[in-house]
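Accompanying notes for the structure given below.
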Amino acid sequence: MEARVAKIAIAAAAAVALAHALWVSAVTDDAGISLAYARCLASGQGLRLTPLSPRVEAYSDPLWVLWLALGYLLHIGGPAFARWSGALLASAAVLVIGLVPSRDRQPRLYDALGPWLLALDTTYTFWAGSGLESGAFALALGLTILTSSPIAAGLLAVLRPEGPLYIAAFALLQPRRLRWLAIAALPIACWVVFRRLYYAEWLPNSFFAKRHWDYGGFWYLNGWFLDALWHWALYLSPLALIARSTRRAAMIALPGCAAAVAFILYSRGDWMGEHRFAAHALPAAALAAGLVPPAVQELFGHRDRDAGWLSAGLLLVLAAISARVRSLDRKLNPELPLSYIAEQGRWFRKTADRLGLTSPRIAHFDIGGLALESGGEVIDLAGLGDLYIGRIGYQSQTAVRNYLFDDVKPEMLNIHGPCQYLADDPRLKRDYWLSATGAWGENWVRKTLELDGLDDRCPPRLPEDLLGALEKSTAVGARDLWLCARAHLPEKSLPDVSPLARKLAAAGTKEALDAAVTLDPDLATASKRLLELRLQSRK
């Protein structure tokens, strides 16, 4: 009878987790980055942010991008597909975690405690429905804990950057450690080889961009701990290692918790609220906390036969109180929703249409919704999607200013928050008009476009033989002429310039490489060499 009730309670927790995720969450702009890459891949444009963007790995969840691309291929993709996929997978992870304590016995009612802690947790459910890889990572982690499968563990490393830490931690528990580790490491090894061949890099660009960020790893972790009352039970989780009935489950929950702590301290946290980095380890943390009451019952039940049930009831009450307070606030104040940035993308698209621009270059600090809706090439001022800003860090104000206003010269740009310093540069008011202001900051448009619809990089009239004119131009002239043609002419009318791009790349100068990459964004090796020259000139 107890086994049946336990199974029902675990299934009910999974259902509540799904409902909670769909109610509290909103698709975030970071999910928009993965969606933009997935859409490009599904449409045959390759793994890039926009069809016009160079090959830069701005995402950190390759397996999730591939899953979202499948959705686009099946014509069911988009934000709703990402949201439902994540929520369903996170719900399945709740179910899997409920099966862990009873792997070698019949289920007990205590086994449902960990799943209910997960189902009620705002951090877990918000990120489950955010359109990101959190739900998929939670399920892979749950299956690794339940089955010790190296295949499930291998998925962790191609879903999140900290996945290899989880693999290394779980490998310590395996009897055939090296064999298990070799199988688990195979997916990420294959991806690293692909990354090197496709992006000409060993590491994703997000690694370089985020190494300049410091949001206080310890305080980030501390902030997460204080966010929900049930987290205090983790102080008592060592009891589960002492009690015989919970020792095995506690041991396999430990690696996931340890890997998350190590990653948060190493990465120094993240700027977004709701503690995304902690969310990925919550199946392990909830399992560890849920094992405390049965451990208390075993160790102290001879003094009070209700000790276990009282502690379990207290944990559930604390989790429910936190959910009631925090979930409503998060629903009313979601973390950088995709819809907010997508609205800006549509503003830029309408402005570009008014100015006669088919494919504008837009510089912005938030890129997911912009890449999906603007129809142009997005210059990422945060550095995730830009090789140069990613290496120097968006905080390098002088270097970013010079790069943006002297090299990139976008048709449009947005200034807000972290890039507010751009407003102080005299080149901004010299070359751009303030076109709109609002909650999103300031949107600027190049003066010549705003005044008379002409592009100051364009000749009085675009040549009929565009390819011939490009071949006769200098590297700088060819770059500007191509940007002009790309911005003002329909894509179908543009000639194939890839042979010319390869010829320019062979020249090897900074100007020639810049022109080559502008003409053909697929030249990843040329992009890497151009980056090296830009970094050298900065010194």
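Naming scheme: A, B, ... for chains in displayed order of the structure tokens; residues 1 onward per chain; ligands 1 onward as shown.
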
Item to complete: For Gly77 (chain A), work out the shell of residues within 10 Å, counting only C-alpha atoms and skipping chain neighbours fewer than 5 positions away, then give it as a list in words.
Response: Leu35, Ala38, Arg39, Ala42, Trp67, Leu68, Ala69, Leu70, Gly71, Tyr72 and Ala82 of chain A

Worksheet entry | alpha helix (DSSP H) residues, from DSSP on the backbone, in region 412-538 of chain A, as a ChimeraX atom specification | /A:426-431,447-452,466-472,475-488,498-507,510-519,524-538

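Separating CA of Ala184 (chain A) from CA of Leu95 (chain A) is a distance of 23.2 Å.
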
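Using only C-alpha atoms, the protein and nucleic acid residues lying no more than 6 Å from region 502-506 of chain A, apart from those fewer than 4 places from it along its own chain, are Ala512, Leu513 and Ala516 of chain A.
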
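Of the residues under consideration (A:Tyr421, A:Phe277, A:Trp440, A:Phe208), A:Tyr421 shows the shortest atom-to-atom contact distance to Ser396 (chain A) when counting only C-alpha atoms.
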
Discussion item. Neighbouring residues of Leu99 (chain A) were defined as those with any atom within 8 Å, considering only C-alpha atoms; residues of the same chain fewer than 6 positions away were excluded. Please report them as a ChimeraX atom specification.
Written reply: /A:107,111,146

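As for CA of Ala157 (chain A) and CA of Leu186 (chain A), they are spaced 9.6 Å apart.
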